[in-house]
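> Contents of model_18.txt (compact mmCIF, C-alpha atoms):
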# COMPACT_ATOMS: atom_id res chain seq x y z
CA MET A 8 227.93 253.87 123.37
CA THR A 9 230.82 255.42 121.53
CA ALA A 10 233.96 253.59 120.44
CA THR A 11 235.90 255.15 123.29
CA GLN A 12 233.34 253.82 125.80
CA ILE A 13 233.55 250.19 124.71
CA GLU A 14 234.97 248.05 127.52
CA ARG A 15 238.01 246.00 126.57
CA PRO A 16 240.03 243.42 128.48
CA SER A 17 242.94 244.93 130.35
CA ARG A 18 246.04 245.24 128.22
CA ALA A 19 248.18 243.43 130.79
CA ALA A 20 245.79 240.47 131.08
CA ALA A 21 245.47 240.05 127.34
CA ALA A 22 249.23 240.19 126.83
CA VAL A 23 250.11 237.18 129.01
CA SER A 24 250.28 233.90 127.11
CA GLU A 25 251.50 230.37 127.71
CA GLU A 26 254.58 231.25 125.68
CA ASP A 27 255.28 234.22 127.98
CA ILE A 28 255.07 231.97 131.01
CA ARG A 29 257.32 229.31 129.52
CA ARG A 30 259.82 232.00 128.61
CA ALA A 31 259.78 233.24 132.22
CA LEU A 32 260.26 229.67 133.48
CA GLY A 33 263.41 229.51 131.33
CA ALA A 34 265.09 231.65 133.99
CA VAL A 35 264.57 228.93 136.63
CA LEU A 36 267.60 226.66 136.97
CA ASP A 37 267.94 223.20 138.40
CA PRO A 38 270.40 224.09 141.19
CA GLU A 39 272.45 220.92 140.84
CA LEU A 40 272.51 220.63 137.05
CA ASP A 41 272.81 224.38 136.36
CA GLU A 42 270.33 224.21 133.47
CA PRO A 43 266.92 225.81 132.86
CA ILE A 44 264.04 223.57 133.86
CA THR A 45 262.52 224.23 130.44
CA ASP A 46 265.62 222.79 128.71
CA LEU A 47 265.54 219.74 130.97
CA GLY A 48 261.89 218.97 130.24
CA PHE A 49 260.81 219.53 133.85
CA VAL A 50 257.82 221.71 132.90
CA ARG A 51 255.00 219.24 132.48
CA SER A 52 252.25 221.68 131.55
CA VAL A 53 251.24 225.33 131.56
CA ALA A 54 247.64 226.53 131.56
CA VAL A 55 246.53 230.14 131.26
CA SER A 56 243.08 231.60 131.82
CA ALA A 57 242.32 235.31 131.50
CA GLY A 58 239.62 237.11 133.42
CA PRO A 59 238.59 240.69 134.12
CA GLU A 60 241.00 240.89 137.07
CA GLY A 61 243.99 239.45 135.24
CA THR A 62 245.52 236.13 134.27
CA ARG A 63 245.54 232.93 136.28
CA ALA A 64 248.47 230.62 135.54
CA VAL A 65 248.72 226.96 136.53
CA VAL A 66 252.12 225.28 136.16
CA HIS A 67 252.83 221.59 136.74
CA LEU A 68 256.42 220.42 137.20
CA ARG A 69 257.85 216.89 136.98
CA LEU A 70 261.21 215.46 137.98
CA PRO A 71 263.26 212.45 136.85
CA THR A 72 262.44 210.41 139.98
CA SER A 73 260.02 210.54 142.89
CA PHE A 74 262.93 210.76 145.32
CA CYS A 75 264.81 213.75 143.90
CA SER A 76 266.12 215.94 146.71
CA PRO A 77 263.20 217.81 148.36
CA ASN A 78 265.48 220.85 148.77
CA PHE A 79 266.12 221.06 145.03
CA ALA A 80 262.49 220.31 144.22
CA TYR A 81 261.21 223.09 146.46
CA LEU A 82 263.79 225.55 145.15
CA MET A 83 262.71 224.99 141.53
CA ALA A 84 259.00 225.09 142.36
CA SER A 85 259.38 228.24 144.48
CA ASP A 86 261.47 230.01 141.85
CA SER A 87 258.89 229.03 139.22
CA LYS A 88 256.12 230.66 141.23
CA ASP A 89 258.24 233.79 141.72
CA VAL A 90 259.10 234.33 138.04
CA VAL A 91 255.54 233.75 136.85
CA SER A 92 254.08 235.97 139.60
CA ALA A 93 256.42 238.75 138.47
CA LEU A 94 254.83 238.87 134.99
CA GLU A 95 252.65 241.95 134.50
CA GLY A 96 248.99 241.02 134.38
CA VAL A 97 249.34 237.70 136.22
CA GLU A 98 247.13 237.91 139.30
CA LYS A 99 247.17 234.33 140.55
CA VAL A 100 249.76 231.57 140.19
CA LEU A 101 249.46 227.93 141.14
CA VAL A 102 252.63 225.84 140.86
CA GLU A 103 252.39 222.15 141.68
CA LEU A 104 255.04 219.44 141.71
CA ASP A 105 253.73 216.09 140.45
CA ASP A 106 254.71 212.53 141.33
CA HIS A 107 257.23 213.36 144.08
CA HIS A 108 257.29 211.77 147.52
CA ASP A 109 257.01 215.25 149.07
CA SER A 110 254.54 216.66 146.53
CA ASP A 111 251.75 217.21 149.07
CA LEU A 112 254.06 218.99 151.51
CA ILE A 113 255.73 221.16 148.88
CA ASN A 114 252.49 222.05 147.10
CA ALA A 115 250.79 223.00 150.37
CA GLY A 116 253.74 225.17 151.37
CA LEU A 117 253.75 226.95 148.02
CA ALA A 118 249.99 227.54 148.09
CA ALA A 119 250.24 229.04 151.57
CA ASP A 120 253.38 231.08 150.75
CA ALA A 121 254.90 229.44 153.82
CA GLY A 122 258.49 229.74 152.60
CA TYR A 123 261.17 227.07 152.73
CA ARG A 124 261.53 226.90 156.50
CA GLY A 125 257.77 227.16 157.01
CA THR A 126 257.25 224.25 154.63
CA PHE A 127 259.91 221.86 155.94
CA ARG A 128 260.17 223.21 159.51
CA HIS A 129 262.77 221.22 161.50
CA GLU A 130 263.96 219.43 158.34
CA ALA A 131 265.14 222.68 156.76
CA GLU A 132 268.85 222.69 157.57
CA ASP A 133 269.80 225.68 155.41
CA SER A 134 267.97 228.74 154.20
CA LEU A 135 266.92 228.96 150.58
CA ASP A 136 269.50 231.71 150.00
CA GLU A 137 272.27 229.51 151.40
CA LEU A 138 271.26 226.69 149.07
CA ARG A 139 271.28 229.00 146.07
CA GLN A 140 274.70 230.36 146.99
CA THR A 141 276.17 226.88 147.36
CA PHE A 142 275.11 225.89 143.85
CA ARG A 143 276.09 229.22 142.33
CA ARG A 144 279.61 228.53 143.55
CA LYS A 145 279.57 225.04 142.06
CA ALA A 146 278.31 226.37 138.74
CA HIS A 147 281.05 229.02 138.74
CA THR A 148 283.70 226.39 139.47
CA ALA A 149 282.50 224.23 136.57
CA ALA A 150 282.37 227.24 134.23
CA MET A 151 285.98 228.17 135.07
CA GLU A 152 287.16 224.64 134.43
CA ARG A 153 285.44 224.45 131.03
CA CYS A 154 287.07 227.70 129.90
CA LEU A 155 290.53 226.82 131.16
CA THR A 156 290.45 223.28 129.80
CA ASP A 157 289.45 224.68 126.39
CA LEU A 158 292.41 227.03 126.61
CA LEU A 159 294.79 224.18 127.45
CA ARG A 160 293.59 222.16 124.48
CA LYS A 161 294.02 225.07 122.08
CA ASN A 162 297.42 226.08 123.46
CA PRO A 163 299.58 222.97 124.02
CA GLY A 164 302.45 225.16 125.25
CA LEU A 165 300.48 226.21 128.33
CA SER A 166 301.02 224.36 131.60
CA GLU A 167 298.41 223.93 134.32
CA THR A 168 300.35 226.32 136.54
CA ASP A 169 300.15 228.99 133.81
CA LEU A 170 296.36 228.95 134.12
CA GLY A 171 296.61 230.82 137.40
CA THR A 172 297.61 233.98 135.50
CA VAL A 173 295.03 233.82 132.69
CA HIS A 174 292.81 236.91 132.42
CA LEU A 175 289.24 237.11 131.13
CA GLN A 176 290.53 238.91 128.04
CA ASP A 177 292.64 235.84 127.23
CA LEU A 178 289.57 233.63 126.83
CA PRO A 179 288.09 233.12 123.36
CA ALA A 180 284.63 234.50 122.77
CA GLY A 181 281.93 231.87 122.89
CA ARG A 182 279.31 230.05 124.91
CA ASN A 183 281.62 228.92 127.71
CA THR A 184 283.08 232.38 128.28
CA ASP A 185 279.61 233.93 128.26
CA ALA A 186 278.49 231.38 130.85
CA LEU A 187 281.51 232.12 133.03
CA LEU A 188 280.77 235.86 132.97
CA ARG A 189 277.19 235.18 134.07
CA ARG A 190 278.37 232.96 136.90
CA ARG A 191 280.86 235.61 138.06
CA ALA A 192 278.12 238.24 138.03
CA GLY A 193 275.92 235.94 140.12
CA LEU A 194 278.60 235.78 142.79
CA GLY A 195 279.40 239.48 142.59
CA LEU A 196 282.85 238.86 141.08
CA PRO A 197 284.38 241.39 138.68
CA GLY A 198 283.97 240.89 134.94
CA ASP A 199 286.69 243.31 133.80
CA ALA A 200 288.91 242.17 130.94
CA ASP A 201 292.02 242.16 133.17
CA SER A 202 290.40 240.08 135.94
CA ILE A 203 292.04 236.75 136.77
CA VAL A 204 289.92 233.80 135.61
CA PHE A 205 290.86 231.11 138.11
CA VAL A 206 289.72 232.34 141.53
CA ASN A 207 287.90 230.95 144.54
CA HIS A 208 284.32 231.96 145.34
CA GLU A 209 285.61 235.07 147.11
CA GLY A 210 287.49 236.18 144.00
CA ARG A 211 290.99 235.40 145.29
CA PRO A 212 293.50 233.92 142.80
CA TYR A 213 295.19 230.65 143.72
CA PRO A 214 298.92 230.66 144.55
CA PRO A 215 300.90 229.12 141.64
CA GLY A 216 301.67 225.94 143.56
CA ASP A 217 297.97 225.36 144.33
CA VAL A 218 296.69 225.82 140.78
CA PRO A 219 297.10 222.20 139.50
CA MET A 220 295.28 220.69 142.48
CA ALA A 221 292.58 223.37 142.43
CA LEU A 222 292.05 222.64 138.73
CA ARG A 223 291.63 218.94 139.45
CA ARG A 224 289.00 219.70 142.09
CA ALA A 225 287.24 222.02 139.65
CA ARG A 226 287.30 219.30 137.01
CA ALA A 227 285.71 216.84 139.44
CA THR A 228 282.93 219.36 140.11
CA ARG A 229 282.34 219.91 136.40
CA ILE A 230 282.30 216.18 135.61
CA SER A 231 279.82 215.63 138.44
CA ILE A 232 277.46 218.32 137.08
CA ASP A 233 277.70 217.07 133.48
CA GLY A 234 277.29 213.45 134.52
CA ASN A 235 274.27 214.17 136.70
CA ALA A 236 272.67 216.20 133.91
CA HIS A 237 273.14 213.34 131.45
CA PHE A 238 271.78 210.82 133.95
CA CYS A 239 268.74 212.89 134.98
CA ARG A 240 267.77 213.61 131.38
CA GLY A 241 267.77 209.90 130.65
CA LEU A 242 265.74 209.11 133.77
CA LEU A 243 263.11 211.68 132.82
CA ARG A 244 262.79 210.17 129.33
CA THR A 245 262.39 206.74 130.87
CA ARG A 246 259.81 207.92 133.41
CA TYR A 247 257.70 210.07 131.08
CA GLU A 248 257.21 208.84 127.54
CA GLY A 249 257.76 211.58 124.97
CA SER A 250 259.46 213.97 127.41
CA GLY A 251 262.67 213.79 125.37
CA ALA A 252 261.01 215.91 122.69
CA GLU A 253 260.87 218.80 125.19
CA GLN A 254 264.53 218.60 126.19
CA VAL A 255 267.02 220.98 124.62
CA HIS A 256 270.35 219.50 123.50
CA ARG A 257 273.11 219.93 126.06
CA PRO A 258 276.48 220.63 124.40
CA GLU A 259 278.51 219.67 127.49
CA GLY A 260 279.34 216.00 127.69
CA ALA A 261 277.80 213.08 125.86
CA GLU A 262 274.09 213.20 125.32
CA ALA A 263 272.02 210.07 124.88
CA THR A 264 269.17 209.79 122.40
CA ASP A 265 265.70 208.55 123.17
CA HIS A 266 266.33 205.31 121.31
CA HIS A 267 269.27 202.96 121.65
CA ASN A 268 270.34 200.11 119.40
CA LEU A 269 271.02 197.71 122.22
CA LEU A 270 270.74 193.96 122.14
CA PRO A 271 267.54 192.82 123.89
CA LEU A 272 267.87 191.05 127.19
CA THR A 273 266.57 187.47 127.13
CA VAL A 274 265.81 185.11 129.93
CA LYS A 275 266.90 181.52 129.42
CA GLU A 276 265.61 178.61 131.33
CA ILE A 277 268.18 176.97 133.54
CA HIS A 278 267.90 173.21 133.62
CA PRO A 279 269.36 171.20 136.48
Take the structure in the file and write it out as structure tokens.


Amino acid sequence: MTATQIERPSRAAAAVSEEDIRRALGAVLDPELDEPITDLGFVRSVAVSAGPEGTRAVVHLRLPTSFCSPNFAYLMASDSKDVVSALEGVEKVLVELDDHHDSDLINAGLAADAGYRGTFRHEAEDSLDELRQTFRRKAHTAAMERCLTDLLRKNPGLSETDLGTVHLQDLPAGRNTDALLRRRAGLGLPGDADSIVFVNHEGRPYPPGDVPMALRRARATRISIDGNAHFCRGLLRTRYEGSGAEQVHRPEGAEATDHHNLLPLTVKEIHP
């Protein structure tokens, strides 16, 4: 047998690694927290086995509590299966959600490719696309508020009403502006330099008199997202020992550490 006749594993199968799969999972967002599930520590394990027909990937996900919203849980698990299945050389994907009250239902639906409505049947109030769109809008609202609040802090002479006329080109370069541009693209909103920043989900600017109240509503949305992210990260660390090591620091809002210097709680006997 000559060198050119020697059988080798397929190039696609050999190229897929655990690192490739984790990188692909980084594109999956928690819909409520607007963060990658890899940054949140929601990926419990990834296993890869290569065979002559391609790679088999097994992904286990975990959530902060057993009662996290089934809608969100299914969305993240379904998106995880989609992004891993899209990798060249991956022939079979098994995604399972662990320790959730609907784990059996969700895992069976994913294995059967039943879809969201096929999995939850009469309990599925919205389509998966409608759920995604709802949270894209919330993420866009929070991204606008972060950028405009930064601008207010750096320019004390600006009033809240002035924010209704701010253009994308007026925003400083940085992480928040980059995030806003991604959120606009996700909603199909223009990203031209002269586009107005503060718009509703249809891309319409707010009338000057409505800007202060719209900004307050946007701030409430942003605070809710940041607060939930902080809370869920802490719950995951409490539920799964060592999971904090897999979480990526979140710049927005306060971030707790795995260890706290708190006074211990003691129980004292109460005498009659």

> Quick one: pull the distance between CA of Ala121 in chain A and CA of Ser134 in chain A, Å, one decimal.

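Separation of CA of Ala121 in chain A and CA of Ser134 in chain A: 13.1 Å.
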
> Ala31 in chain A: which residues within 10 Å, counting only C-alpha atoms, same-chain residues fewer than 6 positions away excluded, as a list in words?

Glu25, Thr45, Ser87, Asp89, Val90, Val91, Ser92, Ala93 and Leu94 of chain A

> Which is closest to Glu103 in chain A among A:Ser85, A:Thr141, A:Thr62, A:Gln176, if we use all atoms listed in the file?

A:Ser85

> Between A:Arg240, A:Arg124, A:Arg226, A:Lys99, which is the closest to Ala150 in chain A once you count all atoms listed in the file?

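Between A:Arg240, A:Arg124, A:Arg226, A:Lys99, the residue approaching Ala150 in chain A most closely is A:Arg226.
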
> With only C-alpha atoms as the basis for distance, which of A:Asp201, A:Asp46, A:Asp37, A:Asp157 is at the shortest distance from Ile232 in chain A?

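Under the stated criterion, the closest residue is A:Asp37.
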
> Tell me which protein, DNA and RNA residues are within 8 Å of Thr72 in chain A, counting only C-alpha atoms, leaving out same-chain ones fewer than 6 positions away, and put them as number ranges by chain.

A: 107, 242-243, 246

> Box for range 97-108 of chain A - axis-aligned, 8 Å on each of the six sides, all listed atoms - centre and size in Å to one decimal, as JSON.


{"center_x": 252.2, "center_y": 224.8, "center_z": 141.9, "size_x": 26.2, "size_y": 42.1, "size_z": 27.3}

> So which one's closest to Ala225 in chain A, A:Ala146, A:Val255, A:Leu159, A:Ala192? Using only C-alpha atoms, please.

A:Ala146
